[in-house]
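This is input-v9.cif. It holds mmCIF, C-alpha atoms; chains and numbers go by the auth columns.
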```
data_query
loop_
_atom_site.group_PDB
_atom_site.id
_atom_site.type_symbol
_atom_site.label_atom_id
_atom_site.label_comp_id
_atom_site.label_asym_id
_atom_site.label_seq_id
_atom_site.Cartn_x
_atom_site.Cartn_y
_atom_site.Cartn_z
_atom_site.B_iso_or_equiv
_atom_site.auth_seq_id
_atom_site.auth_asym_id
ATOM 1 C CA MET A 1 0.000 0.000 0.000 0.00 1042 A
ATOM 2 C CA ALA A 2 1.331 3.417 -0.973 0.00 1043 A
ATOM 3 C CA THR A 3 2.291 6.044 1.565 0.00 1044 A
ATOM 4 C CA GLU A 4 -0.165 8.904 2.101 0.00 1045 A
ATOM 5 C CA ARG A 5 1.185 12.370 2.945 0.00 1046 A
ATOM 6 C CA PHE A 6 -1.026 15.243 4.016 0.00 1047 A
ATOM 7 C CA GLY A 7 -0.401 18.981 3.851 0.00 1048 A
ATOM 8 C CA ILE A 8 2.290 19.017 1.137 0.00 1049 A
ATOM 9 C CA ILE A 9 0.084 20.885 -1.311 0.00 1050 A
ATOM 10 C CA LYS A 10 -3.179 22.769 -1.241 0.00 1051 A
ATOM 11 C CA VAL A 11 -6.020 22.122 -3.664 0.00 1052 A
ATOM 12 C CA GLY A 12 -8.891 24.580 -3.714 0.00 1053 A
ATOM 13 C CA GLY A 13 -7.340 26.342 -0.722 0.00 1054 A
ATOM 14 C CA LYS A 14 -7.353 23.185 1.440 0.00 1055 A
ATOM 15 C CA ASP A 15 -4.542 20.812 2.354 0.00 1056 A
ATOM 16 C CA ALA A 16 -4.605 17.686 0.199 0.00 1057 A
ATOM 17 C CA THR A 17 -3.324 14.128 0.540 0.00 1058 A
ATOM 18 C CA ILE A 18 -0.561 12.975 -1.812 0.00 1059 A
ATOM 19 C CA VAL A 19 -0.390 9.241 -2.443 0.00 1060 A
ATOM 20 C CA GLY A 20 3.107 7.839 -2.941 0.00 1061 A
ATOM 21 C CA ASP A 21 6.597 9.031 -2.103 0.00 1062 A
ATOM 22 C CA ASP A 22 8.599 11.713 -3.898 0.00 1063 A
ATOM 23 C CA LEU A 23 11.326 10.387 -6.162 0.00 1064 A
ATOM 24 C CA SER A 24 14.914 11.608 -6.024 0.00 1065 A
ATOM 25 C CA VAL A 25 17.726 11.934 -8.529 0.00 1066 A
ATOM 26 C CA GLY A 26 19.724 8.719 -8.826 0.00 1067 A
ATOM 27 C CA GLN A 27 17.021 6.272 -7.809 0.00 1068 A
ATOM 28 C CA PRO A 28 15.522 3.809 -10.294 0.00 1069 A
ATOM 29 C CA ALA A 29 12.472 5.195 -12.100 0.00 1070 A
ATOM 30 C CA PRO A 30 9.403 3.058 -11.419 0.00 1071 A
ATOM 31 C CA GLU A 31 7.843 1.378 -14.449 0.00 1072 A
ATOM 32 C CA PHE A 32 4.231 2.335 -15.015 0.00 1073 A
ATOM 33 C CA SER A 33 1.454 1.549 -17.423 0.00 1074 A
ATOM 34 C CA ALA A 34 -1.045 4.075 -18.729 0.00 1075 A
ATOM 35 C CA HIS A 35 -3.397 4.442 -21.670 0.00 1076 A
ATOM 36 C CA ALA A 36 -2.621 6.100 -24.988 0.00 1077 A
ATOM 37 C CA LEU A 37 -5.213 8.209 -26.800 0.00 1078 A
ATOM 38 C CA ASP A 38 -6.648 5.038 -28.428 0.00 1079 A
ATOM 39 C CA TRP A 39 -6.913 3.271 -25.018 0.00 1080 A
ATOM 40 C CA SER A 40 -4.008 0.930 -25.835 0.00 1081 A
ATOM 41 C CA VAL A 41 -1.796 0.168 -22.848 0.00 1082 A
ATOM 42 C CA VAL A 42 1.600 1.858 -22.848 0.00 1083 A
ATOM 43 C CA ASN A 43 4.449 0.798 -20.584 0.00 1084 A
ATOM 44 C CA GLY A 44 6.048 4.166 -19.948 0.00 1085 A
ATOM 45 C CA LEU A 45 9.652 3.020 -19.615 0.00 1086 A
ATOM 46 C CA ALA A 46 9.765 -0.338 -21.421 0.00 1087 A
ATOM 47 C CA ASP A 47 8.155 1.104 -24.563 0.00 1088 A
ATOM 48 C CA THR A 48 10.752 3.899 -24.684 0.00 1089 A
ATOM 49 C CA ARG A 49 13.780 1.830 -23.643 0.00 1090 A
ATOM 50 C CA GLY A 50 17.121 3.296 -24.728 0.00 1091 A
ATOM 51 C CA LYS A 51 15.763 6.835 -24.841 0.00 1092 A
ATOM 52 C CA VAL A 52 15.825 9.757 -22.427 0.00 1093 A
ATOM 53 C CA ARG A 53 12.303 10.556 -21.216 0.00 1094 A
ATOM 54 C CA ILE A 54 10.881 13.835 -20.027 0.00 1095 A
ATOM 55 C CA ILE A 55 7.732 12.924 -18.105 0.00 1096 A
ATOM 56 C CA ALA A 56 5.416 15.803 -17.250 0.00 1097 A
ATOM 57 C CA SER A 57 2.695 15.090 -14.702 0.00 1098 A
ATOM 58 C CA VAL A 58 -0.227 17.528 -14.985 0.00 1099 A
ATOM 59 C CA PRO A 59 -3.626 17.838 -13.248 0.00 1100 A
ATOM 60 C CA SER A 60 -5.728 18.263 -16.441 0.00 1101 A
ATOM 61 C CA LEU A 61 -5.074 19.328 -20.019 0.00 1102 A
ATOM 62 C CA ASP A 62 -8.292 21.330 -19.822 0.00 1103 A
ATOM 63 C CA THR A 63 -6.739 23.882 -17.475 0.00 1104 A
ATOM 64 C CA GLU A 64 -4.798 26.975 -18.512 0.00 1105 A
ATOM 65 C CA VAL A 65 -1.425 26.068 -16.992 0.00 1106 A
ATOM 66 C CA CYS A 66 -1.474 22.444 -18.184 0.00 1107 A
ATOM 67 C CA ASP A 67 -2.511 23.605 -21.649 0.00 1108 A
ATOM 68 C CA ARG A 68 0.374 26.086 -21.777 0.00 1109 A
ATOM 69 C CA GLU A 69 2.907 23.583 -20.383 0.00 1110 A
ATOM 70 C CA THR A 70 1.974 20.798 -22.802 0.00 1111 A
ATOM 71 C CA ARG A 71 1.991 23.156 -25.800 0.00 1112 A
ATOM 72 C CA ARG A 72 5.443 24.397 -24.734 0.00 1113 A
ATOM 73 C CA PHE A 73 6.840 20.868 -24.431 0.00 1114 A
ATOM 74 C CA ASN A 74 5.284 19.996 -27.802 0.00 1115 A
ATOM 75 C CA GLN A 75 7.051 22.986 -29.357 0.00 1116 A
ATOM 76 C CA GLU A 76 10.375 22.067 -27.690 0.00 1117 A
ATOM 77 C CA ALA A 77 10.066 18.414 -28.791 0.00 1118 A
ATOM 78 C CA ALA A 78 10.416 19.418 -32.436 0.00 1119 A
ATOM 79 C CA THR A 79 13.907 20.783 -31.729 0.00 1120 A
ATOM 80 C CA LEU A 80 15.202 17.981 -29.504 0.00 1121 A
ATOM 81 C CA ASP A 81 17.316 14.963 -30.396 0.00 1122 A
ATOM 82 C CA LYS A 82 15.096 12.066 -31.517 0.00 1123 A
ATOM 83 C CA ASP A 83 16.397 10.027 -28.577 0.00 1124 A
ATOM 84 C CA ILE A 84 14.530 12.324 -26.181 0.00 1125 A
ATOM 85 C CA VAL A 85 10.852 11.432 -25.729 0.00 1126 A
ATOM 86 C CA ILE A 86 8.375 13.713 -23.966 0.00 1127 A
ATOM 87 C CA GLN A 87 5.401 12.151 -22.214 0.00 1128 A
ATOM 88 C CA THR A 88 2.631 14.193 -20.589 0.00 1129 A
ATOM 89 C CA ILE A 89 0.404 12.266 -18.221 0.00 1130 A
ATOM 90 C CA SER A 90 -2.845 13.229 -16.514 0.00 1131 A
ATOM 91 C CA THR A 91 -5.939 11.471 -15.206 0.00 1132 A
ATOM 92 C CA ASP A 92 -8.034 12.930 -18.026 0.00 1133 A
ATOM 93 C CA LEU A 93 -9.854 10.260 -20.029 0.00 1134 A
ATOM 94 C CA PRO A 94 -8.159 9.345 -23.332 0.00 1135 A
ATOM 95 C CA TYR A 95 -11.225 10.689 -25.210 0.00 1136 A
ATOM 96 C CA ALA A 96 -10.747 14.130 -23.673 0.00 1137 A
ATOM 97 C CA GLN A 97 -6.984 14.012 -24.235 0.00 1138 A
ATOM 98 C CA LYS A 98 -7.455 13.100 -27.905 0.00 1139 A
ATOM 99 C CA ARG A 99 -9.922 15.962 -28.393 0.00 1140 A
ATOM 100 C CA TRP A 100 -7.588 18.407 -26.630 0.00 1141 A
ATOM 101 C CA CYS A 101 -4.521 17.289 -28.647 0.00 1142 A
ATOM 102 C CA GLY A 102 -6.444 17.710 -31.913 0.00 1143 A
ATOM 103 C CA ALA A 103 -7.651 21.193 -30.973 0.00 1144 A
ATOM 104 C CA ALA A 104 -4.207 22.239 -29.667 0.00 1145 A
ATOM 105 C CA GLY A 105 -2.222 20.715 -32.531 0.00 1146 A
ATOM 106 C CA VAL A 106 -0.136 18.689 -30.071 0.00 1147 A
ATOM 107 C CA ASP A 107 1.535 15.883 -32.000 0.00 1148 A
ATOM 108 C CA GLN A 108 5.152 15.705 -30.754 0.00 1149 A
ATOM 109 C CA VAL A 109 4.379 14.788 -27.134 0.00 1150 A
ATOM 110 C CA GLN A 110 3.080 11.355 -26.142 0.00 1151 A
ATOM 111 C CA VAL A 111 -0.026 12.118 -24.080 0.00 1152 A
ATOM 112 C CA LEU A 112 -0.983 9.386 -21.620 0.00 1153 A
ATOM 113 C CA SER A 113 -3.921 8.776 -19.295 0.00 1154 A
ATOM 114 C CA ASP A 114 -3.456 7.537 -15.728 0.00 1155 A
ATOM 115 C CA HIS A 115 -7.236 7.550 -15.267 0.00 1156 A
ATOM 116 C CA GLN A 116 -7.935 3.858 -14.867 0.00 1157 A
ATOM 117 C CA ASN A 117 -5.362 2.679 -12.316 0.00 1158 A
ATOM 118 C CA ALA A 118 -3.522 5.821 -11.157 0.00 1159 A
ATOM 119 C CA GLU A 119 -0.403 3.640 -11.203 0.00 1160 A
ATOM 120 C CA PHE A 120 1.871 6.461 -12.358 0.00 1161 A
ATOM 121 C CA GLY A 121 0.387 8.796 -9.756 0.00 1162 A
ATOM 122 C CA GLU A 122 1.128 6.431 -6.886 0.00 1163 A
ATOM 123 C CA ARG A 123 4.571 5.320 -8.072 0.00 1164 A
ATOM 124 C CA TYR A 124 5.805 8.870 -8.766 0.00 1165 A
ATOM 125 C CA GLY A 125 4.247 10.484 -5.674 0.00 1166 A
ATOM 126 C CA VAL A 126 1.877 12.766 -7.581 0.00 1167 A
ATOM 127 C CA LEU A 127 -1.627 11.363 -6.998 0.00 1168 A
ATOM 128 C CA ILE A 128 -3.910 13.812 -5.198 0.00 1169 A
ATOM 129 C CA LYS A 129 -6.253 11.516 -3.291 0.00 1170 A
ATOM 130 C CA GLU A 130 -9.172 13.910 -2.793 0.00 1171 A
ATOM 131 C CA ARG A 131 -9.521 14.768 -6.484 0.00 1172 A
ATOM 132 C CA ARG A 132 -7.910 11.697 -8.097 0.00 1173 A
ATOM 133 C CA THR A 133 -5.855 14.036 -10.245 0.00 1174 A
ATOM 134 C CA LEU A 134 -2.111 14.396 -10.530 0.00 1175 A
ATOM 135 C CA ARG A 135 0.110 16.982 -8.920 0.00 1176 A
ATOM 136 C CA ARG A 136 2.281 19.003 -11.299 0.00 1177 A
ATOM 137 C CA ALA A 137 5.799 17.572 -11.521 0.00 1178 A
ATOM 138 C CA VAL A 138 8.459 16.879 -14.145 0.00 1179 A
ATOM 139 C CA PHE A 139 10.917 14.017 -14.286 0.00 1180 A
ATOM 140 C CA VAL A 140 13.813 13.237 -16.584 0.00 1181 A
ATOM 141 C CA VAL A 141 14.576 9.529 -16.794 0.00 1182 A
ATOM 142 C CA GLY A 142 17.894 8.557 -18.359 0.00 1183 A
ATOM 143 C CA ARG A 143 18.618 5.713 -20.753 0.00 1184 A
ATOM 144 C CA ASP A 144 19.672 3.762 -17.656 0.00 1185 A
ATOM 145 C CA ASP A 145 16.098 4.066 -16.275 0.00 1186 A
ATOM 146 C CA LYS A 146 17.268 6.190 -13.349 0.00 1187 A
ATOM 147 C CA ILE A 147 15.837 9.534 -12.309 0.00 1188 A
ATOM 148 C CA ALA A 148 18.157 12.229 -13.707 0.00 1189 A
ATOM 149 C CA TYR A 149 15.912 15.142 -12.677 0.00 1190 A
ATOM 150 C CA ALA A 150 12.826 15.486 -10.487 0.00 1191 A
ATOM 151 C CA ALA A 151 10.893 18.651 -9.707 0.00 1192 A
ATOM 152 C CA TYR A 152 7.600 18.755 -7.836 0.00 1193 A
ATOM 153 C CA MET A 153 5.865 22.114 -8.209 0.00 1194 A
ATOM 154 C CA PRO A 154 4.945 23.709 -4.851 0.00 1195 A
ATOM 155 C CA THR A 155 1.508 24.725 -6.180 0.00 1196 A
ATOM 156 C CA LEU A 156 -0.634 23.388 -8.994 0.00 1197 A
ATOM 157 C CA GLY A 157 -0.420 26.743 -10.786 0.00 1198 A
ATOM 158 C CA ASN A 158 3.386 26.797 -11.015 0.00 1199 A
ATOM 159 C CA GLU A 159 4.962 25.890 -14.345 0.00 1200 A
ATOM 160 C CA PRO A 160 8.211 23.939 -14.449 0.00 1201 A
ATOM 161 C CA ASN A 161 11.548 25.561 -15.224 0.00 1202 A
ATOM 162 C CA TYR A 162 11.582 24.514 -18.889 0.00 1203 A
ATOM 163 C CA GLU A 163 15.226 25.431 -19.491 0.00 1204 A
ATOM 164 C CA GLU A 164 16.322 23.383 -16.473 0.00 1205 A
ATOM 165 C CA VAL A 165 14.269 20.371 -17.622 0.00 1206 A
ATOM 166 C CA LEU A 166 15.588 20.521 -21.188 0.00 1207 A
ATOM 167 C CA GLU A 167 19.165 20.940 -19.978 0.00 1208 A
ATOM 168 C CA ALA A 168 18.784 17.899 -17.690 0.00 1209 A
ATOM 169 C CA ALA A 169 17.441 15.855 -20.630 0.00 1210 A
ATOM 170 C CA LYS A 170 20.336 16.885 -22.885 0.00 1211 A
ATOM 171 C CA LYS A 171 22.814 16.074 -20.118 0.00 1212 A
ATOM 172 C CA ALA A 172 21.189 12.644 -19.593 0.00 1213 A
ATOM 173 C CA LEU A 173 21.407 12.017 -23.337 0.00 1214 A
ATOM 174 C CA ASN A 174 25.181 12.363 -23.193 0.00 1215 A
ATOM 175 C CA ALA A 175 25.663 10.507 -19.895 0.00 1216 A
#
```

As structure tokens, what does this structure read like?
Amino acid sequence: MATERFGIIKVGGKDATIVGDDLSVGQPAPEFSAHALDWSVVNGLADTRGKVRIIASVPSLDTEVCDRETRRFNQEAATLDKDIVIQTISTDLPYAQKRWCGAAGVDQVQVLSDHQNAEFGERYGVLIKERRTLRRAVFVVGRDDKIAYAAYMPTLGNEPNYEEVLEAAKKALNA
């Protein structure tokens, strides 16, 4: 059973419960399964083996900050080495994600749904129990399947430091 931590983040002005432990640089990245836009099961690490992964955890693509973050990563993906994969994961249903991606023109980022099992949320310490959504965080996982970068945003409205994330991914690519 996953650890539950209370008071780390506020949601709607109230303290919320985070399920799972925070991950740290150097530790093995947990494997996770999630659903692609067509509901097929994706194994987040195994299906991208040998690549550097930027994994962005977001509450919902239908919110302003998540929309902006995912569009930014999509734009950055076009300029990155092909051995760097960007995955954005939320608990939005694949139907909603597919609609959002089509409307936003997002086609460089692999958008995944953690809706059914919340496995990613628990294993990466980002599941908000009260809302069954994910806390905003970004991870870089190296080719060796170890965490090369981990940043948990202190509030849901904070965007990641994109330059720092991209630099960590490039560094992991050459490690």

Pick from A:Lys1051, A:Lys1139, A:Lys1092, A:Arg1112 nearest to Gly1183 of chain A, counting all atoms listed in the file: A:Lys1092

Determine, counting only C-alpha atoms, which protein, DNA and RNA residues have an atom within 6 Å of an atom of Ile1095 of chain A; residues of the same chain fewer than 5 positions away are not included. Present the result as number ranges by chain. A: 1127, 1180-1181

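Proximity to Asp1148 of chain A at 10 Å, evaluated using only C-alpha atoms and with sequence-adjacent residues fewer than 2 positions away removed, yields Arg1112, Asn1115, Gln1116, Ala1118, Ala1119, Cys1142, Gly1143, Ala1145, Gly1146, Val1150, Gln1151 and Val1152 of chain A.
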
Between A:Asp1122, A:Glu1208, A:Glu1117, A:Glu1171, which residue has the minimum interatomic distance to Gln1149 of chain A, considering all atoms listed in the file? A:Glu1117

Tell me which of A:Pro1100, A:Gly1085, A:Gly1091, A:Gly1166 sits closest to Glu1072 of chain A, counting all atoms listed in the file. A:Gly1085

Judged by only C-alpha atoms, the minimum distance to Gly1198 of chain A among A:Lys1212, A:Lys1055, A:Arg1164, A:Arg1176 is found for A:Arg1176

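Across the model, the gap from atom CA of Gly1053 of chain A to atom CA of Ser1098 of chain A is 18.6 Å.
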
Evaluated on this file, the PyMOL selection byres ((chain A and resi 1203) around 10) picks out some residues - which ones are they, written as a list in words?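 Evaluating the PyMOL selection byres ((chain A and resi 1203) around 10) on this file yields Glu1110, Arg1113, Phe1114, Glu1117, Val1179, Glu1200, Pro1201, Asn1202, Glu1204, Glu1205, Val1206, Leu1207, Glu1208 and Ala1209 of chain A.
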
Computed interatomic separation between atom CA of Glu1160 of chain A and atom CA of Ala1213 of chain A (Å):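 Going from atom CA of Glu1160 of chain A over to atom CA of Ala1213 of chain A covers 24.9 Å.
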
Between atom CA of Lys1211 of chain A and atom CA of Arg1177 of chain A - distance in Å to one decimal: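 Result for atom CA of Arg1177 of chain A versus atom CA of Lys1211 of chain A: 21.6 Å, one decimal.
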